[in-house]
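Here's the structure we're looking at; comments come further down.
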Amino acid sequence: MEETLLRLEGLLFPSIADVAVLSVDVNHEAIRVEARSTAAEAVCPSCGSHSSRIHSSYLRFPADVPSAGRRVVLCLWVRRFFCRNASCGRRTFVEQLPGLTRRHGRWTERLRSTLAAVGLALAGRAGARMARVFGVSVSRSTVLRLLTALPEPEAPSPRVVGVDEYATRKGRVYGTVLVDCETRRPVDLLPDREASSLAEWLAKRPGIEVICRDRAPFFAEGATAGAPQAIQVADRWHLWHNLGEAVERAVSRHRQCLRVLVPEPAGKETGPRKHPPCRGRATGSPTASGRGTPPSTPCWKPATAAARSAVSSI
């Protein structure tokens with residue numbers, strides 16, 4: 001029995017120390033794992049002092065990563081300790097298992113990290129639908145809260161930075177977006193598009209060698225003041241856009257020259273275009289075959305009221 005429990009501990013908690021599995025109950029809907037901590041003491045979260053004096057214990061039920069399509073629920077026995085530091089504001093505190101639980105947490109840390117990874121890949125609504133596929137019922141708002149709680153990654157200082165504007169309210173409120181052109185990832189967002197803000201941001205990153213920007217004067221001033229050592233280049237979109245406008249203006253100016261170079265086709269009629277006579281026109285005579293009557297709706301439109309009345313009398 002002890003060997004079986006040791007195998008379960010290695011299987012269920014491979015990277016978590018000081019956890020002992022007491023029992024495992026498996027049914028059609030969920031897997032219930034009863035476990036407890038085996039640490040001799042715990043650390044107070046306020047003052048950091050160690051304590052081995054136990055006050056009481058109780059059960060926690062954090063949800064874990066599903067297994068074989070079934071929910072996994074931990075029945076975790078946790079202990080409350082007395083804090084030995086007399087100057088600490090806490091009299092008692094509850095032990096936490098690093099890598100498994102946190103204060104006021106309803107999930108284990110590995111389930112939390114799994115949902116955060118799903119949210120990073122699919123965002124809120126689609127992430128919530130995917131979580132329900134593998135057996136975790138969660139709302140899109142909860143997935144988004146997990147994303148906002150993630151720490152900001154430390155982005156290295158870019159060597160080639162792209163500078164452009166973005167609109168929070170089009171036509172009125174604009175900011176500045178800075179992108180690492182080599183990794184094609186956004187680096188930072190500035191709340192405005194002032195030259196001073198861009199210059200301050202660039203001055204804190206002396207490793208920038210190339211600045212790719214549009215032709216806005218405030219970006220030119222900010223780049224020159226904040227990174228005088230960097231080379232300023234125009235971005236590809238503005239190069240093609242400006243080239244297209246220049247070609248269009250040149251073609252418009254020489255449109256008459258292009259018309260002279262293109263000869264007119266031989267035999268082209270220069271006079272007014274003559275329409276062929278309509279078949280079955282209402283002239284008071286029968287059709288060409290001598291039988292039948294003119295069509296009820298003529299193919300020409302009378303121009304006056306008198307003409308319309310004459311047609312209706314035929």
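We name chains A, B, ... following the order of the structure tokens; residues begin at 1 in each chain, and ligands are numbered from 1 as shown.
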
Using DSSP assignments from the backbone, pull out every residue in region 192-221 of chain A that falls under helix (DSSP H, G or I) and give it to me as a PyMOL selection string. chain A and resi 195-203+217-221

Nearest candidate to Ser52 (chain A) (options A:Asp64, A:Asp25, A:Gly162, A:Glu95; using only C-alpha atoms):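 Checking each candidate against Ser52 (chain A), we get A:Glu95 as the closest.
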
Close residues, Val210 (chain A) itself excluded, 10 Å, only C-alpha atoms, min 5 positions apart in chain, as a PDB file with all heavy atoms, in the first residue's frame:
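The result, written out as out-v5.pdb:
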ATOM      1  N   PRO A 158      15.279  46.909 -28.287  1.00  0.00           N
ATOM      2  CA  PRO A 158      15.365  46.584 -29.718  1.00  0.00           C
ATOM      3  C   PRO A 158      16.528  47.310 -30.386  1.00  0.00           C
ATOM      4  O   PRO A 158      16.962  48.380 -29.950  1.00  0.00           O
ATOM      5  CB  PRO A 158      14.024  47.063 -30.264  1.00  0.00           C
ATOM      6  CG  PRO A 158      13.617  48.159 -29.338  1.00  0.00           C
ATOM      7  CD  PRO A 158      14.130  47.782 -27.986  1.00  0.00           C
ATOM      8  N   ARG A 159      17.023  46.728 -31.468  1.00  0.00           N
ATOM      9  CA  ARG A 159      18.066  47.365 -32.268  1.00  0.00           C
ATOM     10  C   ARG A 159      17.458  48.192 -33.391  1.00  0.00           C
ATOM     11  O   ARG A 159      17.939  49.274 -33.702  1.00  0.00           O
ATOM     12  CB  ARG A 159      19.001  46.289 -32.847  1.00  0.00           C
ATOM     13  CG  ARG A 159      20.252  46.843 -33.529  1.00  0.00           C
ATOM     14  CD  ARG A 159      21.077  45.728 -34.142  1.00  0.00           C
ATOM     15  NE  ARG A 159      20.368  45.089 -35.242  1.00  0.00           N
ATOM     16  CZ  ARG A 159      20.437  45.517 -36.505  1.00  0.00           C
ATOM     17  NH1 ARG A 159      21.171  46.573 -36.817  1.00  0.00           N
ATOM     18  NH2 ARG A 159      19.784  44.892 -37.446  1.00  0.00           N
ATOM     19  N   VAL A 160      16.380  47.661 -34.002  1.00  0.00           N
ATOM     20  CA  VAL A 160      15.651  48.369 -35.052  1.00  0.00           C
ATOM     21  C   VAL A 160      14.229  48.562 -34.550  1.00  0.00           C
ATOM     22  O   VAL A 160      13.515  47.581 -34.321  1.00  0.00           O
ATOM     23  CB  VAL A 160      15.658  47.586 -36.378  1.00  0.00           C
ATOM     24  CG1 VAL A 160      14.930  48.374 -37.453  1.00  0.00           C
ATOM     25  CG2 VAL A 160      17.085  47.271 -36.804  1.00  0.00           C
ATOM     26  N   VAL A 161      13.823  49.788 -34.345  1.00  0.00           N
ATOM     27  CA  VAL A 161      12.510  50.083 -33.768  1.00  0.00           C
ATOM     28  C   VAL A 161      11.656  50.805 -34.794  1.00  0.00           C
ATOM     29  O   VAL A 161      12.138  51.662 -35.548  1.00  0.00           O
ATOM     30  CB  VAL A 161      12.655  50.925 -32.477  1.00  0.00           C
ATOM     31  CG1 VAL A 161      13.275  52.274 -32.771  1.00  0.00           C
ATOM     32  CG2 VAL A 161      11.313  51.118 -31.801  1.00  0.00           C
ATOM     33  N   GLY A 162      10.400  50.398 -34.882  1.00  0.00           N
ATOM     34  CA  GLY A 162       9.434  51.058 -35.746  1.00  0.00           C
ATOM     35  C   GLY A 162       8.530  51.973 -34.944  1.00  0.00           C
ATOM     36  O   GLY A 162       8.060  51.598 -33.864  1.00  0.00           O
ATOM     37  N   CYS A 181      11.230  45.816 -35.044  1.00  0.00           N
ATOM     38  CA  CYS A 181      11.103  45.433 -36.450  1.00  0.00           C
ATOM     39  C   CYS A 181      11.748  44.085 -36.753  1.00  0.00           C
ATOM     40  O   CYS A 181      11.414  43.461 -37.760  1.00  0.00           O
ATOM     41  CB  CYS A 181      11.718  46.511 -37.336  1.00  0.00           C
ATOM     42  SG  CYS A 181      10.837  48.076 -37.304  1.00  0.00           S
ATOM     43  N   ALA A 223      12.852  61.544 -32.738  1.00  0.00           N
ATOM     44  CA  ALA A 223      13.925  60.607 -33.051  1.00  0.00           C
ATOM     45  C   ALA A 223      15.278  61.295 -33.067  1.00  0.00           C
ATOM     46  O   ALA A 223      16.281  60.740 -32.593  1.00  0.00           O
ATOM     47  CB  ALA A 223      13.649  59.929 -34.390  1.00  0.00           C
ATOM     48  N   ALA A 227      17.562  59.872 -30.016  1.00  0.00           N
ATOM     49  CA  ALA A 227      18.564  58.907 -30.506  1.00  0.00           C
ATOM     50  C   ALA A 227      19.319  59.522 -31.675  1.00  0.00           C
ATOM     51  O   ALA A 227      19.096  59.150 -32.839  1.00  0.00           O
ATOM     52  CB  ALA A 227      17.899  57.600 -30.903  1.00  0.00           C
ATOM     53  N   GLN A 229      22.267  59.050 -32.568  1.00  0.00           N
ATOM     54  CA  GLN A 229      23.191  58.097 -33.182  1.00  0.00           C
ATOM     55  C   GLN A 229      22.481  57.158 -34.145  1.00  0.00           C
ATOM     56  O   GLN A 229      23.132  56.457 -34.935  1.00  0.00           O
ATOM     57  CB  GLN A 229      23.900  57.276 -32.096  1.00  0.00           C
ATOM     58  CG  GLN A 229      23.070  56.128 -31.497  1.00  0.00           C
ATOM     59  CD  GLN A 229      21.991  56.605 -30.524  1.00  0.00           C
ATOM     60  OE1 GLN A 229      21.944  57.790 -30.201  1.00  0.00           O
ATOM     61  NE2 GLN A 229      21.157  55.696 -30.049  1.00  0.00           N
ATOM     62  N   ALA A 230      21.151  57.094 -34.116  1.00  0.00           N
ATOM     63  CA  ALA A 230      20.400  56.128 -34.924  1.00  0.00           C
ATOM     64  C   ALA A 230      20.169  56.661 -36.331  1.00  0.00           C
ATOM     65  O   ALA A 230      20.086  57.872 -36.564  1.00  0.00           O
ATOM     66  CB  ALA A 230      19.070  55.803 -34.261  1.00  0.00           C
ATOM     67  N   ILE A 231      20.059  55.724 -37.269  1.00  0.00           N
ATOM     68  CA  ILE A 231      19.734  56.047 -38.653  1.00  0.00           C
ATOM     69  C   ILE A 231      18.219  56.050 -38.800  1.00  0.00           C
ATOM     70  O   ILE A 231      17.546  55.096 -38.385  1.00  0.00           O
ATOM     71  CB  ILE A 231      20.369  55.031 -39.623  1.00  0.00           C
ATOM     72  CG1 ILE A 231      21.890  55.004 -39.441  1.00  0.00           C
ATOM     73  CG2 ILE A 231      20.009  55.352 -41.061  1.00  0.00           C
ATOM     74  CD1 ILE A 231      22.569  53.918 -40.235  1.00  0.00           C
ATOM     75  N   GLN A 232      17.675  57.105 -39.406  1.00  0.00           N
ATOM     76  CA  GLN A 232      16.236  57.208 -39.609  1.00  0.00           C
ATOM     77  C   GLN A 232      15.894  56.848 -41.048  1.00  0.00           C
ATOM     78  O   GLN A 232      16.463  57.407 -41.985  1.00  0.00           O
ATOM     79  CB  GLN A 232      15.767  58.625 -39.289  1.00  0.00           C
ATOM     80  CG  GLN A 232      16.033  59.050 -37.847  1.00  0.00           C
ATOM     81  CD  GLN A 232      15.491  60.422 -37.546  1.00  0.00           C
ATOM     82  OE1 GLN A 232      14.470  60.833 -38.099  1.00  0.00           O
ATOM     83  NE2 GLN A 232      16.153  61.143 -36.638  1.00  0.00           N
ATOM     84  N   VAL A 233      14.975  55.904 -41.197  1.00  0.00           N
ATOM     85  CA  VAL A 233      14.547  55.453 -42.519  1.00  0.00           C
ATOM     86  C   VAL A 233      13.029  55.510 -42.568  1.00  0.00           C
ATOM     87  O   VAL A 233      12.348  55.495 -41.535  1.00  0.00           O
ATOM     88  CB  VAL A 233      15.045  54.031 -42.823  1.00  0.00           C
ATOM     89  CG1 VAL A 233      16.553  53.966 -42.835  1.00  0.00           C
ATOM     90  CG2 VAL A 233      14.482  53.029 -41.809  1.00  0.00           C
TER      91      VAL A 233
END

Region 105-113 of chain A environment, 12 Å, only C-alpha atoms, sequence neighbours closer than 3 positions dropped, as an MDAnalysis selection string: chainID A and resid 12:16 60:67 71:76 96:102 116:120 131 134:138 142:143 145:147 149:150

In Å to one decimal, how far is CA of Val19 (chain A) from CA of Cys83 (chain A)? 22.3 Å

Tell me, as a ChimeraX atom specification, which residues lie within 7 Å of region 191-202 of chain A, counting only C-alpha atoms; anything in the same chain fewer than 5 positions away does not count. /A:165,174-176,218-219,221-223,225-227

Next, the residues of the selection above should be written as a PDB file, in the first residue's frame with all heavy atoms.
ATOM      1  N   GLU A 165       1.790  55.857 -35.263  1.00  0.00           N
ATOM      2  CA  GLU A 165       0.723  56.336 -34.393  1.00  0.00           C
ATOM      3  C   GLU A 165      -0.445  55.363 -34.410  1.00  0.00           C
ATOM      4  O   GLU A 165      -0.643  54.601 -35.358  1.00  0.00           O
ATOM      5  CB  GLU A 165       0.263  57.727 -34.828  1.00  0.00           C
ATOM      6  CG  GLU A 165      -0.291  57.760 -36.238  1.00  0.00           C
ATOM      7  CD  GLU A 165      -0.602  59.149 -36.712  1.00  0.00           C
ATOM      8  OE1 GLU A 165      -0.189  60.116 -36.049  1.00  0.00           O
ATOM      9  OE2 GLU A 165      -1.257  59.275 -37.761  1.00  0.00           O
ATOM     10  N   TYR A 174      -4.685  60.404 -30.220  1.00  0.00           N
ATOM     11  CA  TYR A 174      -3.709  59.508 -30.835  1.00  0.00           C
ATOM     12  C   TYR A 174      -2.587  59.218 -29.842  1.00  0.00           C
ATOM     13  O   TYR A 174      -2.286  60.023 -28.952  1.00  0.00           O
ATOM     14  CB  TYR A 174      -3.113  60.122 -32.105  1.00  0.00           C
ATOM     15  CG  TYR A 174      -4.045  60.131 -33.279  1.00  0.00           C
ATOM     16  CD1 TYR A 174      -4.903  61.211 -33.496  1.00  0.00           C
ATOM     17  CD2 TYR A 174      -4.080  59.063 -34.166  1.00  0.00           C
ATOM     18  CE1 TYR A 174      -5.765  61.213 -34.572  1.00  0.00           C
ATOM     19  CE2 TYR A 174      -4.938  59.068 -35.239  1.00  0.00           C
ATOM     20  CZ  TYR A 174      -5.792  60.141 -35.444  1.00  0.00           C
ATOM     21  OH  TYR A 174      -6.650  60.132 -36.517  1.00  0.00           O
ATOM     22  N   GLY A 175      -1.974  58.051 -29.994  1.00  0.00           N
ATOM     23  CA  GLY A 175      -0.798  57.678 -29.237  1.00  0.00           C
ATOM     24  C   GLY A 175       0.293  57.184 -30.166  1.00  0.00           C
ATOM     25  O   GLY A 175       0.161  57.228 -31.393  1.00  0.00           O
ATOM     26  N   THR A 176       1.367  56.691 -29.564  1.00  0.00           N
ATOM     27  CA  THR A 176       2.517  56.209 -30.335  1.00  0.00           C
ATOM     28  C   THR A 176       2.755  54.744 -30.010  1.00  0.00           C
ATOM     29  O   THR A 176       2.804  54.371 -28.827  1.00  0.00           O
ATOM     30  CB  THR A 176       3.775  57.022 -30.000  1.00  0.00           C
ATOM     31  OG1 THR A 176       3.517  58.405 -30.251  1.00  0.00           O
ATOM     32  CG2 THR A 176       4.953  56.574 -30.842  1.00  0.00           C
ATOM     33  N   PHE A 218       6.688  65.493 -35.893  1.00  0.00           N
ATOM     34  CA  PHE A 218       6.933  65.268 -34.464  1.00  0.00           C
ATOM     35  C   PHE A 218       7.735  63.996 -34.241  1.00  0.00           C
ATOM     36  O   PHE A 218       8.538  63.924 -33.314  1.00  0.00           O
ATOM     37  CB  PHE A 218       5.617  65.238 -33.687  1.00  0.00           C
ATOM     38  CG  PHE A 218       4.492  64.520 -34.377  1.00  0.00           C
ATOM     39  CD1 PHE A 218       4.354  63.150 -34.308  1.00  0.00           C
ATOM     40  CD2 PHE A 218       3.562  65.240 -35.106  1.00  0.00           C
ATOM     41  CE1 PHE A 218       3.327  62.492 -34.929  1.00  0.00           C
ATOM     42  CE2 PHE A 218       2.514  64.587 -35.747  1.00  0.00           C
ATOM     43  CZ  PHE A 218       2.396  63.208 -35.654  1.00  0.00           C
ATOM     44  N   PHE A 219       7.563  62.963 -35.084  1.00  0.00           N
ATOM     45  CA  PHE A 219       8.388  61.761 -34.967  1.00  0.00           C
ATOM     46  C   PHE A 219       9.829  62.056 -35.378  1.00  0.00           C
ATOM     47  O   PHE A 219      10.773  61.525 -34.781  1.00  0.00           O
ATOM     48  CB  PHE A 219       7.813  60.641 -35.830  1.00  0.00           C
ATOM     49  CG  PHE A 219       6.560  60.035 -35.273  1.00  0.00           C
ATOM     50  CD1 PHE A 219       5.651  59.386 -36.099  1.00  0.00           C
ATOM     51  CD2 PHE A 219       6.276  60.098 -33.914  1.00  0.00           C
ATOM     52  CE1 PHE A 219       4.494  58.837 -35.577  1.00  0.00           C
ATOM     53  CE2 PHE A 219       5.112  59.544 -33.389  1.00  0.00           C
ATOM     54  CZ  PHE A 219       4.225  58.919 -34.230  1.00  0.00           C
ATOM     55  N   GLU A 221      11.404  64.942 -35.084  1.00  0.00           N
ATOM     56  CA  GLU A 221      12.028  65.709 -34.013  1.00  0.00           C
ATOM     57  C   GLU A 221      12.352  64.827 -32.814  1.00  0.00           C
ATOM     58  O   GLU A 221      13.437  64.930 -32.226  1.00  0.00           O
ATOM     59  CB  GLU A 221      11.104  66.847 -33.592  1.00  0.00           C
ATOM     60  CG  GLU A 221      10.859  67.881 -34.682  1.00  0.00           C
ATOM     61  CD  GLU A 221       9.812  68.893 -34.269  1.00  0.00           C
ATOM     62  OE1 GLU A 221       9.375  68.816 -33.094  1.00  0.00           O
ATOM     63  OE2 GLU A 221       9.433  69.736 -35.097  1.00  0.00           O
ATOM     64  N   GLY A 222      11.416  63.962 -32.433  1.00  0.00           N
ATOM     65  CA  GLY A 222      11.653  63.088 -31.292  1.00  0.00           C
ATOM     66  C   GLY A 222      12.777  62.102 -31.528  1.00  0.00           C
ATOM     67  O   GLY A 222      13.587  61.839 -30.635  1.00  0.00           O
ATOM     68  N   ALA A 223      12.852  61.544 -32.738  1.00  0.00           N
ATOM     69  CA  ALA A 223      13.925  60.607 -33.051  1.00  0.00           C
ATOM     70  C   ALA A 223      15.278  61.295 -33.067  1.00  0.00           C
ATOM     71  O   ALA A 223      16.281  60.740 -32.593  1.00  0.00           O
ATOM     72  CB  ALA A 223      13.649  59.929 -34.390  1.00  0.00           C
ATOM     73  N   ALA A 225      16.154  64.012 -31.370  1.00  0.00           N
ATOM     74  CA  ALA A 225      16.536  64.427 -30.021  1.00  0.00           C
ATOM     75  C   ALA A 225      16.843  63.245 -29.116  1.00  0.00           C
ATOM     76  O   ALA A 225      17.765  63.313 -28.295  1.00  0.00           O
ATOM     77  CB  ALA A 225      15.419  65.277 -29.415  1.00  0.00           C
ATOM     78  N   GLY A 226      16.095  62.161 -29.244  1.00  0.00           N
ATOM     79  CA  GLY A 226      16.277  61.047 -28.323  1.00  0.00           C
ATOM     80  C   GLY A 226      17.339  60.057 -28.728  1.00  0.00           C
ATOM     81  O   GLY A 226      17.970  59.429 -27.876  1.00  0.00           O
ATOM     82  N   ALA A 227      17.562  59.872 -30.016  1.00  0.00           N
ATOM     83  CA  ALA A 227      18.564  58.907 -30.506  1.00  0.00           C
ATOM     84  C   ALA A 227      19.319  59.522 -31.675  1.00  0.00           C
ATOM     85  O   ALA A 227      19.096  59.150 -32.839  1.00  0.00           O
ATOM     86  CB  ALA A 227      17.899  57.600 -30.903  1.00  0.00           C
TER      87      ALA A 227
END

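Minimum distance to Ala30 (chain A) across A:Glu209, A:Val163, A:Ser57, A:Ala68 (counting only C-alpha atoms) occurs at A:Ala68.
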
Fewer than 3 positions away in the same chain doesn't count, so skip those; otherwise give me all residues within 9 Å of Arg129 (chain A), counting only C-alpha atoms, as number ranges by chain. A: 124-126, 132-133, 137-140

Which residue out of A:Val26, A:Met130, A:Ala167, A:Leu122 has the minimum interatomic distance to Leu144 (chain A) when only C-alpha atoms are used?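 Counting only C-alpha atoms, the residue closest to Leu144 (chain A) is A:Leu122.
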
Please run DSSP on the backbone and report, as a PyMOL selection string, all residues within region 102-272 of chain A that come out as strand (DSSP E or B). chain A and resi 107+160-169+173-180+185-190+210-213+231-234

Output file for the selection above: N, CA, C and O atoms, as a compact mmCIF listing (two decimals), in the first residue's frame:
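Wrote it out as again_28.txt, contents follow:
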# COMPACT_ATOMS: atom_id res chain seq x y z
N TRP A 107 -8.28 27.09 -7.68
CA TRP A 107 -7.61 26.18 -8.60
C TRP A 107 -6.19 25.94 -8.13
O TRP A 107 -5.61 26.72 -7.39
N VAL A 160 16.38 47.66 -34.00
CA VAL A 160 15.65 48.37 -35.05
C VAL A 160 14.23 48.56 -34.55
O VAL A 160 13.51 47.58 -34.32
N VAL A 161 13.82 49.79 -34.34
CA VAL A 161 12.51 50.08 -33.77
C VAL A 161 11.66 50.80 -34.79
O VAL A 161 12.14 51.66 -35.55
N GLY A 162 10.40 50.40 -34.88
CA GLY A 162 9.43 51.06 -35.75
C GLY A 162 8.53 51.97 -34.94
O GLY A 162 8.06 51.60 -33.86
N VAL A 163 8.29 53.16 -35.44
CA VAL A 163 7.50 54.18 -34.74
C VAL A 163 6.31 54.54 -35.63
O VAL A 163 6.48 54.86 -36.81
N ASP A 164 5.12 54.48 -35.05
CA ASP A 164 3.92 54.88 -35.78
C ASP A 164 2.88 55.32 -34.77
O ASP A 164 3.06 55.16 -33.56
N GLU A 165 1.79 55.86 -35.26
CA GLU A 165 0.72 56.34 -34.39
C GLU A 165 -0.45 55.36 -34.41
O GLU A 165 -0.64 54.60 -35.36
N TYR A 166 -1.24 55.40 -33.34
CA TYR A 166 -2.47 54.63 -33.27
C TYR A 166 -3.54 55.54 -32.67
O TYR A 166 -3.23 56.51 -31.96
N ALA A 167 -4.78 55.25 -32.97
CA ALA A 167 -5.89 56.09 -32.54
C ALA A 167 -6.71 55.39 -31.48
O ALA A 167 -7.16 54.25 -31.68
N THR A 168 -6.89 56.06 -30.35
CA THR A 168 -7.87 55.60 -29.36
C THR A 168 -9.23 56.22 -29.62
O THR A 168 -10.25 55.67 -29.24
N ARG A 169 -9.23 57.39 -30.27
CA ARG A 169 -10.46 58.02 -30.76
C ARG A 169 -10.11 58.70 -32.07
O ARG A 169 -9.46 59.74 -32.07
N VAL A 173 -7.87 61.63 -30.57
CA VAL A 173 -6.89 61.18 -29.58
C VAL A 173 -5.99 60.14 -30.23
O VAL A 173 -6.48 59.11 -30.71
N TYR A 174 -4.69 60.40 -30.22
CA TYR A 174 -3.71 59.51 -30.84
C TYR A 174 -2.59 59.22 -29.84
O TYR A 174 -2.29 60.02 -28.95
N GLY A 175 -1.97 58.05 -29.99
CA GLY A 175 -0.80 57.68 -29.24
C GLY A 175 0.29 57.18 -30.17
O GLY A 175 0.16 57.23 -31.39
N THR A 176 1.37 56.69 -29.56
CA THR A 176 2.52 56.21 -30.34
C THR A 176 2.76 54.74 -30.01
O THR A 176 2.80 54.37 -28.83
N VAL A 177 2.89 53.92 -31.01
CA VAL A 177 3.21 52.52 -30.85
C VAL A 177 4.64 52.29 -31.32
O VAL A 177 5.05 52.82 -32.36
N LEU A 178 5.39 51.51 -30.55
CA LEU A 178 6.78 51.20 -30.88
C LEU A 178 6.90 49.69 -31.03
O LEU A 178 6.47 48.92 -30.16
N VAL A 179 7.48 49.27 -32.15
CA VAL A 179 7.55 47.86 -32.52
C VAL A 179 9.00 47.48 -32.79
O VAL A 179 9.75 48.26 -33.39
N ASP A 180 9.36 46.28 -32.33
CA ASP A 180 10.66 45.73 -32.68
C ASP A 180 10.57 45.18 -34.10
O ASP A 180 9.88 44.18 -34.35
N ARG A 185 7.26 42.37 -33.00
CA ARG A 185 6.44 42.37 -31.80
C ARG A 185 6.36 43.79 -31.23
O ARG A 185 7.35 44.52 -31.24
N PRO A 186 5.20 44.20 -30.71
CA PRO A 186 5.11 45.52 -30.08
C PRO A 186 5.94 45.57 -28.81
O PRO A 186 5.99 44.62 -28.03
N VAL A 187 6.60 46.70 -28.61
CA VAL A 187 7.47 46.89 -27.46
C VAL A 187 6.81 47.75 -26.40
O VAL A 187 6.82 47.42 -25.21
N ASP A 188 6.21 48.85 -26.81
CA ASP A 188 5.63 49.78 -25.84
C ASP A 188 4.59 50.64 -26.53
O ASP A 188 4.56 50.75 -27.76
N LEU A 189 3.72 51.25 -25.70
CA LEU A 189 2.71 52.20 -26.16
C LEU A 189 2.87 53.49 -25.38
O LEU A 189 2.94 53.46 -24.15
N LEU A 190 2.92 54.59 -26.08
CA LEU A 190 3.00 55.91 -25.46
C LEU A 190 1.62 56.56 -25.53
O LEU A 190 0.91 56.42 -26.52
N VAL A 210 18.60 51.81 -35.60
CA VAL A 210 17.80 52.22 -36.76
C VAL A 210 16.39 52.55 -36.27
O VAL A 210 15.82 51.81 -35.46
N ILE A 211 15.84 53.65 -36.76
CA ILE A 211 14.47 54.05 -36.44
C ILE A 211 13.70 54.11 -37.75
O ILE A 211 14.03 54.88 -38.65
N CYS A 212 12.68 53.27 -37.85
CA CYS A 212 11.83 53.21 -39.04
C CYS A 212 10.53 53.96 -38.72
O CYS A 212 9.80 53.57 -37.80
N ARG A 213 10.24 55.02 -39.43
CA ARG A 213 9.11 55.88 -39.10
C ARG A 213 8.48 56.43 -40.37
O ARG A 213 9.01 56.26 -41.47
N ILE A 231 20.06 55.72 -37.27
CA ILE A 231 19.73 56.05 -38.65
C ILE A 231 18.22 56.05 -38.80
O ILE A 231 17.55 55.10 -38.39
N GLN A 232 17.68 57.10 -39.41
CA GLN A 232 16.24 57.21 -39.61
C GLN A 232 15.89 56.85 -41.05
O GLN A 232 16.46 57.41 -41.99
N VAL A 233 14.98 55.90 -41.20
CA VAL A 233 14.55 55.45 -42.52
C VAL A 233 13.03 55.51 -42.57
O VAL A 233 12.35 55.49 -41.53
N ALA A 234 12.49 55.58 -43.78
CA ALA A 234 11.05 55.56 -43.99
C ALA A 234 10.58 54.11 -44.06
O ALA A 234 11.28 53.24 -44.58

Please indicate the distance in Å from CA of Glu34 (chain A) to CA of Phe82 (chain A), rounded to one decimal place.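 If I compute the distance from CA of Glu34 (chain A) to CA of Phe82 (chain A), I get 24.6 Å.
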